[in-house]
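Trainee: This is data24.pdb (PDB, C-alpha atoms, pLDDT in the B column).
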```pdb
ATOM      1  CA  MET I   1      -7.499 -29.961  18.661  1.00 38.00           C
ATOM      2  CA  SER I   2      -5.252 -29.449  15.623  1.00 47.00           C
ATOM      3  CA  GLU I   3      -2.624 -26.708  15.874  1.00 53.00           C
ATOM      4  CA  ASN I   4      -4.203 -24.595  13.113  1.00 64.00           C
ATOM      5  CA  ARG I   5      -7.512 -24.478  15.071  1.00 70.00           C
ATOM      6  CA  LYS I   6      -5.915 -23.809  18.448  1.00 73.00           C
ATOM      7  CA  TYR I   7      -6.866 -20.129  18.319  1.00 78.00           C
ATOM      8  CA  TRP I   8     -10.019 -20.556  16.233  1.00 85.00           C
ATOM      9  CA  VAL I   9     -12.744 -17.927  16.657  1.00 87.00           C
ATOM     10  CA  PRO I  10     -16.152 -19.605  16.107  1.00 89.00           C
ATOM     11  CA  ALA I  11     -17.961 -16.303  15.463  1.00 90.00           C
ATOM     12  CA  LEU I  12     -15.633 -15.545  12.559  1.00 91.00           C
ATOM     13  CA  GLU I  13     -16.210 -19.014  11.136  1.00 91.00           C
ATOM     14  CA  LYS I  14     -19.958 -18.397  11.272  1.00 93.00           C
ATOM     15  CA  ALA I  15     -19.576 -14.984   9.632  1.00 93.00           C
ATOM     16  CA  ASP I  16     -17.505 -16.598   6.891  1.00 91.00           C
ATOM     17  CA  GLY I  17     -20.305 -19.110   6.312  1.00 93.00           C
ATOM     18  CA  ILE I  18     -22.836 -16.297   5.966  1.00 94.00           C
ATOM     19  CA  LEU I  19     -20.661 -14.425   3.489  1.00 92.00           C
ATOM     20  CA  SER I  20     -20.129 -17.592   1.440  1.00 91.00           C
ATOM     21  CA  VAL I  21     -23.862 -18.195   1.138  1.00 92.00           C
ATOM     22  CA  LEU I  22     -24.622 -14.567   0.246  1.00 91.00           C
ATOM     23  CA  ALA I  23     -21.845 -14.495  -2.353  1.00 86.00           C
ATOM     24  CA  LYS I  24     -23.500 -17.376  -4.194  1.00 85.00           C
ATOM     25  CA  GLU I  25     -27.141 -16.430  -3.574  1.00 87.00           C
ATOM     26  CA  PRO I  26     -27.561 -12.671  -2.972  1.00 87.00           C
ATOM     27  CA  ASP I  27     -30.951 -11.238  -1.950  1.00 87.00           C
ATOM     28  CA  LYS I  28     -32.455 -14.690  -1.552  1.00 91.00           C
ATOM     29  CA  HIS I  29     -32.222 -15.482   2.152  1.00 93.00           C
ATOM     30  CA  LYS I  30     -33.832 -13.940   5.217  1.00 94.00           C
ATOM     31  CA  LEU I  31     -32.527 -14.360   8.745  1.00 96.00           C
ATOM     32  CA  ILE I  32     -34.519 -17.526   9.346  1.00 94.00           C
ATOM     33  CA  ASP I  33     -33.312 -19.030   6.059  1.00 93.00           C
ATOM     34  CA  LEU I  34     -29.666 -18.410   6.973  1.00 94.00           C
ATOM     35  CA  SER I  35     -30.278 -19.782  10.463  1.00 95.00           C
ATOM     36  CA  ARG I  36     -31.606 -23.063   9.063  1.00 94.00           C
ATOM     37  CA  ARG I  37     -29.081 -23.260   6.234  1.00 93.00           C
ATOM     38  CA  LEU I  38     -26.052 -22.832   8.479  1.00 95.00           C
ATOM     39  CA  GLY I  39     -27.319 -24.448  11.667  1.00 95.00           C
ATOM     40  CA  ILE I  40     -26.954 -21.270  13.714  1.00 95.00           C
ATOM     41  CA  ASN I  41     -29.705 -20.458  16.226  1.00 94.00           C
ATOM     42  CA  LYS I  42     -31.840 -17.398  15.507  1.00 93.00           C
ATOM     43  CA  SER I  43     -30.530 -15.347  18.431  1.00 93.00           C
ATOM     44  CA  SER I  44     -26.889 -15.817  17.380  1.00 93.00           C
ATOM     45  CA  MET I  45     -27.765 -15.209  13.723  1.00 94.00           C
ATOM     46  CA  PHE I  46     -29.535 -11.957  14.643  1.00 95.00           C
ATOM     47  CA  SER I  47     -26.429 -10.722  16.506  1.00 95.00           C
ATOM     48  CA  LEU I  48     -24.113 -11.770  13.705  1.00 95.00           C
ATOM     49  CA  LEU I  49     -26.178 -10.119  10.973  1.00 95.00           C
ATOM     50  CA  ALA I  50     -26.684  -6.936  13.001  1.00 94.00           C
ATOM     51  CA  THR I  51     -22.936  -6.627  13.554  1.00 95.00           C
ATOM     52  CA  MET I  52     -22.091  -7.451   9.948  1.00 94.00           C
ATOM     53  CA  GLU I  53     -24.656  -4.936   8.716  1.00 93.00           C
ATOM     54  CA  ALA I  54     -23.176  -2.219  10.964  1.00 94.00           C
ATOM     55  CA  LEU I  55     -19.742  -3.014   9.521  1.00 93.00           C
ATOM     56  CA  ASN I  56     -21.148  -2.878   5.953  1.00 91.00           C
ATOM     57  CA  TRP I  57     -20.225  -6.547   5.423  1.00 92.00           C
ATOM     58  CA  VAL I  58     -23.849  -7.304   4.531  1.00 93.00           C
ATOM     59  CA  ARG I  59     -26.831  -5.275   3.419  1.00 91.00           C
ATOM     60  CA  LYS I  60     -30.500  -5.950   4.225  1.00 92.00           C
ATOM     61  CA  SER I  61     -33.130  -5.211   1.587  1.00 91.00           C
ATOM     62  CA  ALA I  62     -36.628  -3.836   2.088  1.00 90.00           C
ATOM     63  CA  ALA I  63     -37.835  -7.440   1.819  1.00 92.00           C
ATOM     64  CA  ASP I  64     -35.535  -8.446   4.727  1.00 93.00           C
ATOM     65  CA  THR I  65     -33.253 -10.521   2.499  1.00 94.00           C
ATOM     66  CA  TYR I  66     -29.482 -10.152   2.693  1.00 93.00           C
ATOM     67  CA  SER I  67     -26.664  -9.563   0.201  1.00 91.00           C
ATOM     68  CA  LEU I  68     -22.979  -8.708   0.475  1.00 89.00           C
ATOM     69  CA  GLY I  69     -22.288  -5.148   1.617  1.00 88.00           C
ATOM     70  CA  PRO I  70     -20.034  -2.411   0.210  1.00 82.00           C
ATOM     71  CA  ALA I  71     -17.165  -3.201   2.607  1.00 82.00           C
ATOM     72  CA  VAL I  72     -16.711  -6.616   0.989  1.00 79.00           C
ATOM     73  CA  SER I  73     -16.546  -5.003  -2.423  1.00 67.00           C
ATOM     74  CA  ALA I  74     -13.916  -2.555  -1.169  1.00 65.00           C
ATOM     75  CA  TYR I  75     -11.821  -5.391   0.295  1.00 69.00           C
ATOM     76  CA  ALA I  76     -12.047  -7.362  -2.934  1.00 62.00           C
ATOM     77  CA  SER I  77     -11.110  -4.325  -5.007  1.00 53.00           C
ATOM     78  CA  SER I  78      -8.097  -3.603  -2.797  1.00 58.00           C
ATOM     79  CA  TYR I  79      -6.975  -7.237  -3.021  1.00 58.00           C
ATOM     80  CA  ALA I  80      -7.290  -7.282  -6.811  1.00 49.00           C
ATOM     81  CA  GLN I  81      -5.515  -3.951  -7.212  1.00 56.00           C
ATOM     82  CA  HIS I  82      -2.596  -5.169  -5.088  1.00 61.00           C
ATOM     83  CA  PHE I  83      -1.939  -8.042  -7.447  1.00 61.00           C
ATOM     84  CA  GLU I  84      -2.561  -5.912 -10.533  1.00 73.00           C
ATOM     85  CA  LEU I  85       0.010  -3.481  -9.162  1.00 80.00           C
ATOM     86  CA  TYR I  86       2.597  -6.181  -8.467  1.00 78.00           C
ATOM     87  CA  ASP I  87       2.055  -7.783 -11.889  1.00 81.00           C
ATOM     88  CA  ALA I  88       2.485  -4.384 -13.556  1.00 84.00           C
ATOM     89  CA  PHE I  89       5.706  -3.835 -11.581  1.00 89.00           C
ATOM     90  CA  GLN I  90       7.120  -7.212 -12.599  1.00 85.00           C
ATOM     91  CA  HIS I  91       6.365  -6.518 -16.239  1.00 87.00           C
ATOM     92  CA  GLU I  92       7.397  -2.863 -16.482  1.00 91.00           C
ATOM     93  CA  ALA I  93      10.317  -2.567 -14.049  1.00 92.00           C
ATOM     94  CA  ALA I  94      12.634  -5.131 -15.642  1.00 92.00           C
ATOM     95  CA  PRO I  95      13.474  -3.022 -18.752  1.00 94.00           C
ATOM     96  CA  VAL I  96      14.144   0.006 -16.529  1.00 94.00           C
ATOM     97  CA  ARG I  97      16.447  -2.036 -14.291  1.00 94.00           C
ATOM     98  CA  ASP I  98      18.299  -3.354 -17.324  1.00 93.00           C
ATOM     99  CA  LYS I  99      18.667   0.095 -18.863  1.00 94.00           C
ATOM    100  CA  LEU I 100      19.884   1.800 -15.698  1.00 94.00           C
ATOM    101  CA  GLN I 101      21.710  -1.245 -14.300  1.00 92.00           C
ATOM    102  CA  GLU I 102      20.321  -0.275 -10.900  1.00 92.00           C
ATOM    103  CA  THR I 103      17.788  -1.858  -8.541  1.00 91.00           C
ATOM    104  CA  ILE I 104      14.116  -0.795  -8.848  1.00 94.00           C
ATOM    105  CA  GLN I 105      11.736  -1.003  -5.881  1.00 94.00           C
ATOM    106  CA  LEU I 106       7.994  -0.842  -5.246  1.00 93.00           C
ATOM    107  CA  ALA I 107       6.355   0.271  -2.000  1.00 92.00           C
ATOM    108  CA  ARG I 108       3.099   1.519  -0.555  1.00 91.00           C
ATOM    109  CA  ARG I 109       2.384   3.728   2.441  1.00 93.00           C
ATOM    110  CA  GLU I 110       1.167   2.423   5.789  1.00 89.00           C
ATOM    111  CA  GLY I 111       0.549   5.417   8.011  1.00 93.00           C
ATOM    112  CA  ASP I 112       3.831   7.283   8.457  1.00 94.00           C
ATOM    113  CA  HIS I 113       5.891   4.338   7.154  1.00 94.00           C
ATOM    114  CA  ILE I 114       6.379   2.649   3.813  1.00 92.00           C
ATOM    115  CA  LEU I 115       6.107  -1.080   3.216  1.00 89.00           C
ATOM    116  CA  TYR I 116       8.298  -2.529   0.470  1.00 89.00           C
ATOM    117  CA  LEU I 117       6.237  -4.709  -1.876  1.00 87.00           C
ATOM    118  CA  GLY I 118       8.656  -5.628  -4.640  1.00 87.00           C
ATOM    119  CA  LYS I 119      12.270  -5.423  -5.703  1.00 88.00           C
ATOM    120  CA  MET I 120      13.796  -5.843  -9.166  1.00 86.00           C
ATOM    121  CA  GLU I 121      17.464  -6.272  -8.344  1.00 84.00           C
ATOM    122  CA  ALA I 122      20.297  -5.337 -10.670  1.00 81.00           C
ATOM    123  CA  GLN I 123      23.525  -7.312 -10.908  1.00 74.00           C
ATOM    124  CA  THR I 124      25.742  -4.800  -9.112  1.00 67.00           C
ATOM    125  CA  PRO I 125      28.472  -5.243  -6.487  1.00 59.00           C
ATOM    126  CA  VAL I 126      26.490  -3.160  -3.985  1.00 60.00           C
ATOM    127  CA  ARG I 127      23.261  -4.737  -2.709  1.00 60.00           C
ATOM    128  CA  LEU I 128      20.483  -2.715  -1.104  1.00 63.00           C
ATOM    129  CA  LEU I 129      19.315  -3.944   2.295  1.00 63.00           C
ATOM    130  CA  SER I 130      15.636  -3.199   1.655  1.00 68.00           C
ATOM    131  CA  GLU I 131      13.493  -6.263   0.961  1.00 71.00           C
ATOM    132  CA  PRO I 132       9.754  -6.887   0.402  1.00 76.00           C
ATOM    133  CA  GLY I 133       8.039  -6.780   3.782  1.00 78.00           C
ATOM    134  CA  MET I 134      10.506  -4.288   5.261  1.00 84.00           C
ATOM    135  CA  ARG I 135       9.189  -1.007   6.700  1.00 87.00           C
ATOM    136  CA  LEU I 136      10.955   2.375   6.874  1.00 91.00           C
ATOM    137  CA  PRO I 137       9.844   5.853   8.011  1.00 94.00           C
ATOM    138  CA  ALA I 138       8.139   7.537   5.052  1.00 96.00           C
ATOM    139  CA  HIS I 139       9.692  10.966   5.635  1.00 97.00           C
ATOM    140  CA  ALA I 140      13.226   9.539   5.286  1.00 96.00           C
ATOM    141  CA  THR I 141      12.770   7.915   1.859  1.00 96.00           C
ATOM    142  CA  ALA I 142      12.052   9.101  -1.667  1.00 97.00           C
ATOM    143  CA  LEU I 143       9.342   6.436  -1.908  1.00 97.00           C
ATOM    144  CA  GLY I 144       7.639   7.701   1.231  1.00 97.00           C
ATOM    145  CA  LYS I 145       7.893  11.374   0.358  1.00 98.00           C
ATOM    146  CA  SER I 146       6.472  10.744  -3.119  1.00 97.00           C
ATOM    147  CA  LEU I 147       3.439   9.093  -1.473  1.00 97.00           C
ATOM    148  CA  LEU I 148       2.997  11.653   1.303  1.00 98.00           C
ATOM    149  CA  ALA I 149       3.107  14.535  -1.181  1.00 97.00           C
ATOM    150  CA  TRP I 150      -0.284  13.683  -2.703  1.00 96.00           C
ATOM    151  CA  LEU I 151      -2.144  13.427   0.596  1.00 96.00           C
ATOM    152  CA  PRO I 152      -4.308  16.355   1.752  1.00 94.00           C
ATOM    153  CA  GLU I 153      -2.141  18.709   3.806  1.00 94.00           C
ATOM    154  CA  LYS I 154      -4.331  18.218   6.879  1.00 94.00           C
ATOM    155  CA  GLU I 155      -3.340  14.546   6.736  1.00 95.00           C
ATOM    156  CA  TRP I 156       0.326  15.576   7.005  1.00 97.00           C
ATOM    157  CA  SER I 157      -0.425  17.265  10.325  1.00 95.00           C
ATOM    158  CA  ARG I 158      -2.264  14.201  11.565  1.00 95.00           C
ATOM    159  CA  LEU I 159       0.618  11.883  10.625  1.00 96.00           C
ATOM    160  CA  TYR I 160       3.249  14.232  12.061  1.00 97.00           C
ATOM    161  CA  PRO I 161       1.787  15.962  15.136  1.00 95.00           C
ATOM    162  CA  LYS I 162       5.214  16.708  16.672  1.00 95.00           C
ATOM    163  CA  PRO I 163       7.632  19.331  15.300  1.00 96.00           C
ATOM    164  CA  GLU I 164      10.630  16.979  15.369  1.00 96.00           C
ATOM    165  CA  LEU I 165      11.024  13.874  13.204  1.00 96.00           C
ATOM    166  CA  THR I 166      13.167  10.779  13.684  1.00 93.00           C
ATOM    167  CA  ALA I 167      16.470  11.012  11.816  1.00 94.00           C
ATOM    168  CA  MET I 168      17.945   7.918  10.157  1.00 93.00           C
ATOM    169  CA  THR I 169      21.068   9.784   8.996  1.00 95.00           C
ATOM    170  CA  PRO I 170      22.431  13.326   9.440  1.00 96.00           C
ATOM    171  CA  ASN I 171      20.725  14.159   6.101  1.00 96.00           C
ATOM    172  CA  THR I 172      17.206  13.080   7.112  1.00 96.00           C
ATOM    173  CA  ILE I 173      14.660  15.893   7.225  1.00 97.00           C
ATOM    174  CA  ALA I 174      14.202  16.202  10.973  1.00 96.00           C
ATOM    175  CA  ARG I 175      11.732  19.097  11.221  1.00 96.00           C
ATOM    176  CA  ARG I 176       8.055  18.823  10.361  1.00 96.00           C
ATOM    177  CA  GLU I 177       7.797  22.198   8.609  1.00 96.00           C
ATOM    178  CA  ALA I 178      10.839  21.419   6.464  1.00 97.00           C
ATOM    179  CA  LEU I 179       9.210  18.139   5.464  1.00 98.00           C
ATOM    180  CA  PHE I 180       5.963  19.879   4.541  1.00 98.00           C
ATOM    181  CA  GLU I 181       7.856  22.373   2.358  1.00 97.00           C
ATOM    182  CA  GLU I 182       9.619  19.467   0.654  1.00 97.00           C
ATOM    183  CA  LEU I 183       6.318  17.664   0.049  1.00 98.00           C
ATOM    184  CA  ARG I 184       4.845  20.741  -1.639  1.00 97.00           C
ATOM    185  CA  ARG I 185       7.899  20.921  -3.895  1.00 97.00           C
ATOM    186  CA  ILE I 186       7.581  17.200  -4.730  1.00 97.00           C
ATOM    187  CA  ARG I 187       3.914  17.587  -5.590  1.00 95.00           C
ATOM    188  CA  GLY I 188       4.817  20.373  -7.989  1.00 95.00           C
ATOM    189  CA  GLN I 189       7.602  18.532  -9.783  1.00 95.00           C
ATOM    190  CA  GLY I 190       6.072  15.044  -9.802  1.00 95.00           C
ATOM    191  CA  TYR I 191       8.925  13.081  -8.214  1.00 97.00           C
ATOM    192  CA  ALA I 192      10.933  12.843  -4.976  1.00 97.00           C
ATOM    193  CA  VAL I 193      14.640  12.535  -4.240  1.00 97.00           C
ATOM    194  CA  ASP I 194      16.321  11.013  -1.187  1.00 95.00           C
ATOM    195  CA  ASP I 195      19.776  12.592  -0.724  1.00 95.00           C
ATOM    196  CA  GLN I 196      21.402  10.122   1.688  1.00 95.00           C
ATOM    197  CA  GLU I 197      18.400  10.561   3.996  1.00 96.00           C
ATOM    198  CA  SER I 198      17.889   6.870   4.725  1.00 92.00           C
ATOM    199  CA  VAL I 199      21.346   5.442   3.912  1.00 90.00           C
ATOM    200  CA  ILE I 200      24.608   7.387   3.765  1.00 92.00           C
ATOM    201  CA  GLY I 201      26.323   7.027   0.411  1.00 92.00           C
ATOM    202  CA  PHE I 202      23.116   6.480  -1.610  1.00 92.00           C
ATOM    203  CA  ARG I 203      20.717   8.736  -3.464  1.00 94.00           C
ATOM    204  CA  CYS I 204      17.302   7.709  -4.682  1.00 95.00           C
ATOM    205  CA  VAL I 205      14.580   8.997  -6.994  1.00 97.00           C
ATOM    206  CA  ALA I 206      10.926   7.913  -6.738  1.00 97.00           C
ATOM    207  CA  ALA I 207       7.618   8.651  -8.452  1.00 97.00           C
ATOM    208  CA  PRO I 208       4.024   7.837  -7.455  1.00 97.00           C
ATOM    209  CA  VAL I 209       1.715   5.293  -9.078  1.00 95.00           C
ATOM    210  CA  PHE I 210      -1.920   6.408  -9.011  1.00 94.00           C
ATOM    211  CA  ASN I 211      -5.027   4.249  -8.732  1.00 89.00           C
ATOM    212  CA  ARG I 212      -8.339   4.721 -10.537  1.00 84.00           C
ATOM    213  CA  ALA I 213      -9.488   7.172  -7.861  1.00 85.00           C
ATOM    214  CA  GLY I 214      -6.488   9.406  -8.541  1.00 90.00           C
ATOM    215  CA  GLU I 215      -4.790   8.515  -5.240  1.00 91.00           C
ATOM    216  CA  ALA I 216      -1.076   7.740  -4.905  1.00 94.00           C
ATOM    217  CA  ALA I 217      -1.482   4.025  -4.212  1.00 91.00           C
ATOM    218  CA  ALA I 218       2.186   3.080  -4.459  1.00 94.00           C
ATOM    219  CA  ALA I 219       5.534   4.389  -5.634  1.00 96.00           C
ATOM    220  CA  VAL I 220       8.534   3.105  -7.558  1.00 96.00           C
ATOM    221  CA  SER I 221      12.132   4.070  -6.945  1.00 96.00           C
ATOM    222  CA  CYS I 222      15.708   3.633  -8.079  1.00 95.00           C
ATOM    223  CA  SER I 223      18.579   3.864  -5.583  1.00 91.00           C
ATOM    224  CA  MET I 224      22.265   4.060  -6.419  1.00 91.00           C
ATOM    225  CA  PRO I 225      25.652   4.969  -4.919  1.00 90.00           C
ATOM    226  CA  LEU I 226      26.725   8.597  -5.127  1.00 91.00           C
ATOM    227  CA  HIS I 227      29.340   7.998  -7.815  1.00 89.00           C
ATOM    228  CA  GLN I 228      26.695   6.449 -10.073  1.00 91.00           C
ATOM    229  CA  TRP I 229      24.180   9.191  -9.322  1.00 92.00           C
ATOM    230  CA  GLU I 230      26.498  11.846 -10.689  1.00 88.00           C
ATOM    231  CA  ARG I 231      26.207  10.417 -14.202  1.00 91.00           C
ATOM    232  CA  LYS I 232      22.799   8.710 -14.088  1.00 93.00           C
ATOM    233  CA  ALA I 233      20.572  11.156 -12.169  1.00 94.00           C
ATOM    234  CA  ASP I 234      18.773  12.727 -15.145  1.00 95.00           C
ATOM    235  CA  GLU I 235      18.252   9.402 -16.906  1.00 96.00           C
ATOM    236  CA  ALA I 236      17.054   7.704 -13.701  1.00 95.00           C
ATOM    237  CA  ARG I 237      14.573  10.487 -13.012  1.00 96.00           C
ATOM    238  CA  ALA I 238      13.103  10.273 -16.526  1.00 96.00           C
ATOM    239  CA  GLU I 239      12.948   6.476 -16.426  1.00 96.00           C
ATOM    240  CA  LEU I 240      11.220   6.353 -13.031  1.00 96.00           C
ATOM    241  CA  ILE I 241       8.636   8.967 -13.993  1.00 96.00           C
ATOM    242  CA  GLY I 242       7.930   6.972 -17.147  1.00 96.00           C
ATOM    243  CA  LEU I 243       7.713   3.704 -15.207  1.00 96.00           C
ATOM    244  CA  ALA I 244       5.251   5.220 -12.720  1.00 95.00           C
ATOM    245  CA  ARG I 245       3.133   6.597 -15.567  1.00 95.00           C
ATOM    246  CA  ARG I 246       2.965   3.224 -17.337  1.00 94.00           C
ATOM    247  CA  MET I 247       2.068   1.424 -14.120  1.00 92.00           C
ATOM    248  CA  THR I 248      -0.665   3.991 -13.451  1.00 91.00           C
ATOM    249  CA  GLU I 249      -2.143   3.267 -16.895  1.00 86.00           C
ATOM    250  CA  LEU I 250      -2.052  -0.485 -16.216  1.00 80.00           C
ATOM    251  CA  HIS I 251      -3.232  -0.282 -12.584  1.00 64.00           C
TER
END
```
Written as structure tokens, how would this file's structure read?

Mentor:
Amino acid sequence: MSENRKYWVPALEKADGILSVLAKEPDKHKLIDLSRRLGINKSSMFSLLATMEALNWVRKSAADTYSLGPAVSAYASSYAQHFELYDAFQHEAAPVRDKLQETIQLARREGDHILYLGKMEAQTPVRLLSEPGMRLPAHATALGKSLLAWLPEKEWSRLYPKPELTAMTPNTIARREALFEELRRIRGQGYAVDDQESVIGFRCVAAPVFNRAGEAAAAVSCSMPLHQWERKADEARAELIGLARRMTELH
């Protein structure tokens, strides 16, 4: 057995075959047709289709034919939006980086953490440690707070059920109620600031990028050393809000 098939799951391979057929020929095949077409016995095909229908991977018509279900459409939309978002970041962030001479970053939220998706690095002596693929607690970053702020408040309580929060530095917001107050303030002003909450010696400003449903799908940020912040803060804030707005229009 080849190494890439060592952990192969046959049921998933069969489901993939079903989806491939239905993508090309929707509402054409009944269970028996798919069974013959793919060489899967009727009992196994029944179980596969029943499971896939329950998961909204496929949909059965009144005539007992099958087509792709709404879950597949949602997955495809999410996949496309991810690349649209990254392309928009690559195009729009470079001029902001060049104007500010500071590094610009892109991230999305995963639960109570953020996942860095992109980084447009400036040619400065100080290099940020964050890289695409890295995760950090959302409450300790401007990126994370700008994404949390637009969630329903009941979602805040679900994400942070305990009154105390993990501190990355002495400046990290370490109490849940203080975080919630900060998120309300961020939602009102349209941007978030990290005052040495994730890394001592650095401040950061971030703004959310919204998707077509009006949700904060990602955020962009600019981080810089304290001595640079003192003279660039207002300009950085305006540039990041503008960058987020342009990416929202393109996303």

Trainee: Using all atoms listed in the file, can you tell me which of I:Pro208, I:Ser20, I:Ala15, I:Arg109 comes closest to Glu53 of chain I?

Mentor: I:Ala15

Trainee: Can you work out which one of I:Ile40, I:Ala11, I:Leu31, I:Ile114 has the shortest atom-to-atom distance to Met134 of chain I, counting only C-alpha atoms?

Mentor: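 So, comparing all the options, the nearest one is I:Ile114.
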
Trainee: Tell me, as number ranges by chain, which residues lie within 6 Å of Ile104 of chain I, counting all atoms listed in the file; anything in the same chain fewer than 2 positions away does not count.

Mentor: I: 119-120, 221-222

Trainee: Would you translate the PyMOL selection byres ((chain I and resi 183) around 10) into the concrete set of residues it matches in this file, as a list in words?

Mentor: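 Applied to this file, the PyMOL selection byres ((chain I and resi 183) around 10) selects His139, Lys145, Ser146, Leu147, Leu148, Ala149, Trp150, Leu151, Glu153, Trp156, Glu177, Ala178, Leu179, Phe180, Glu181, Glu182, Arg184, Arg185, Ile186, Arg187, Gly188, Gln189, Tyr191 and Ala192 of chain I.
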
Trainee: Compute the distance from (-29.4, -20.5, 12.5) to each atom, counting all atoms listed in the file, keep the residues with any atom at most 12 Å away, and return them as an MDAnalysis selection string; use the coordinates of the file.

Mentor: chainID I and resid 14:15 17:18 29:49

Trainee: Produce a file of the selected residues containing C-alpha atoms, as a tab-separated table (two decimals), keeping the file's coordinate frame.

Mentor:
```tsv
chain	number	residue	atom	x	y	z
I	14	LYS	CA	-19.96	-18.40	11.27
I	15	ALA	CA	-19.58	-14.98	9.63
I	17	GLY	CA	-20.30	-19.11	6.31
I	18	ILE	CA	-22.84	-16.30	5.97
I	29	HIS	CA	-32.22	-15.48	2.15
I	30	LYS	CA	-33.83	-13.94	5.22
I	31	LEU	CA	-32.53	-14.36	8.74
I	32	ILE	CA	-34.52	-17.53	9.35
I	33	ASP	CA	-33.31	-19.03	6.06
I	34	LEU	CA	-29.67	-18.41	6.97
I	35	SER	CA	-30.28	-19.78	10.46
I	36	ARG	CA	-31.61	-23.06	9.06
I	37	ARG	CA	-29.08	-23.26	6.23
I	38	LEU	CA	-26.05	-22.83	8.48
I	39	GLY	CA	-27.32	-24.45	11.67
I	40	ILE	CA	-26.95	-21.27	13.71
I	41	ASN	CA	-29.70	-20.46	16.23
I	42	LYS	CA	-31.84	-17.40	15.51
I	43	SER	CA	-30.53	-15.35	18.43
I	44	SER	CA	-26.89	-15.82	17.38
I	45	MET	CA	-27.76	-15.21	13.72
I	46	PHE	CA	-29.54	-11.96	14.64
I	47	SER	CA	-26.43	-10.72	16.51
I	48	LEU	CA	-24.11	-11.77	13.70
I	49	LEU	CA	-26.18	-10.12	10.97
```

Trainee: What does the distance between atom CA of Arg158 of chain I and atom CA of Thr248 of chain I come to in Å, to one decimal place?

Mentor: 27.1 Å

Trainee: Centre and edge lengths, as lines of an AutoDock Vina configuration file, for the axis-aligned box enclosing every listed atom of segment 130-143 of chain I with 5 Å of padding on each of the six sides, in Å to one decimal?

Mentor:
```
center_x = 11.8
center_y = 2.0
center_z = 3.1
size_x = 17.6
size_y = 27.9
size_z = 19.9
```

Trainee: In Å, how far is it from atom CA of Arg108 of chain I to atom CA of Glu131 of chain I?

Mentor: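 Atom CA of Arg108 of chain I sits 13.1 Å away from atom CA of Glu131 of chain I.
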
Trainee: Which residue is closest to Ala238 of chain I? Choose from I:Lys99, I:Leu117, I:Glu164, I:Gly133 and count only C-alpha atoms.

Mentor: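 Of the candidates, the smallest distance to Ala238 of chain I is held by I:Lys99.
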
Trainee: Kindly give the distance, in Å, that separates atom CA of Glu239 of chain I and atom CA of Leu85 of chain I, rounded to a single decimal.

Mentor: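 Rounded to one decimal, the two atoms are 17.9 Å apart.
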
Trainee: Which residue, I:Asp16, I:Gly118, I:His113, I:Ala88, has the smallest gap to Leu68 of chain I when you use only C-alpha atoms?

Mentor: I:Asp16

Trainee: List the residues matched by the PyMOL selection byres ((chain I and resi 193) around 6) in the displayed structure as a tab-separated table (two decimals) with C-alpha atoms, in the frame of the given file, ordered by chain and then by residue number.

Mentor:
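The new file expr-v9.tsv reads:
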```tsv
chain	number	residue	atom	x	y	z
I	142	ALA	CA	12.05	9.10	-1.67
I	192	ALA	CA	10.93	12.84	-4.98
I	194	ASP	CA	16.32	11.01	-1.19
I	204	CYS	CA	17.30	7.71	-4.68
I	205	VAL	CA	14.58	9.00	-6.99
```

Trainee: Closest to Gln123 of chain I among I:Thr141, I:Asn56, I:Gln196, I:Gln101, using all atoms listed in the file?

Mentor: I:Gln101

Trainee: For a quick check of understanding, using only C-alpha atoms, which of I:Asp112, I:Asp64, I:Glu92, I:Asp98 has the smallest distance to Lys28 of chain I?

Mentor: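 Among the listed residues, the smallest separation from Lys28 of chain I belongs to I:Asp64.
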
Trainee: Assuming the chain letters and numbering stay as they are in my file, what does the PyMOL selection byres ((chain I and resi 225-235) around 6) actually select? List them as JSON, numbers by chain.

Mentor: {"I": [201, 202, 224, 236, 237, 238]}

Trainee: Please fill the gaps in segment 12-17 of chain I so it has N, CA, C and O atoms, and write that as a PDB file, keeping the file's coordinate frame.

Mentor:
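Result went into selection_36.pdb, see below:
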```pdb
ATOM      1  N   LEU I  12     -16.163 -15.874  13.873  1.00 91.00           N
ATOM      2  CA  LEU I  12     -15.633 -15.545  12.559  1.00 91.00           C
ATOM      3  C   LEU I  12     -15.932 -16.655  11.551  1.00 91.00           C
ATOM      4  O   LEU I  12     -16.208 -16.384  10.387  1.00 91.00           O
ATOM      5  N   GLU I  13     -15.879 -17.890  12.019  1.00 91.00           N
ATOM      6  CA  GLU I  13     -16.210 -19.014  11.136  1.00 91.00           C
ATOM      7  C   GLU I  13     -17.671 -18.926  10.702  1.00 91.00           C
ATOM      8  O   GLU I  13     -17.997 -19.170   9.535  1.00 91.00           O
ATOM      9  N   LYS I  14     -18.541 -18.539  11.614  1.00 93.00           N
ATOM     10  CA  LYS I  14     -19.958 -18.397  11.272  1.00 93.00           C
ATOM     11  C   LYS I  14     -20.169 -17.231  10.302  1.00 93.00           C
ATOM     12  O   LYS I  14     -20.951 -17.339   9.353  1.00 93.00           O
ATOM     13  N   ALA I  15     -19.466 -16.127  10.539  1.00 93.00           N
ATOM     14  CA  ALA I  15     -19.576 -14.984   9.632  1.00 93.00           C
ATOM     15  C   ALA I  15     -19.088 -15.361   8.236  1.00 93.00           C
ATOM     16  O   ALA I  15     -19.687 -14.956   7.226  1.00 93.00           O
ATOM     17  N   ASP I  16     -18.018 -16.149   8.183  1.00 91.00           N
ATOM     18  CA  ASP I  16     -17.505 -16.598   6.891  1.00 91.00           C
ATOM     19  C   ASP I  16     -18.539 -17.452   6.171  1.00 91.00           C
ATOM     20  O   ASP I  16     -18.718 -17.341   4.947  1.00 91.00           O
ATOM     21  N   GLY I  17     -19.254 -18.288   6.914  1.00 93.00           N
ATOM     22  CA  GLY I  17     -20.305 -19.110   6.312  1.00 93.00           C
ATOM     23  C   GLY I  17     -21.423 -18.253   5.733  1.00 93.00           C
ATOM     24  O   GLY I  17     -21.927 -18.521   4.635  1.00 93.00           O
TER      25      GLY I  17
END
```
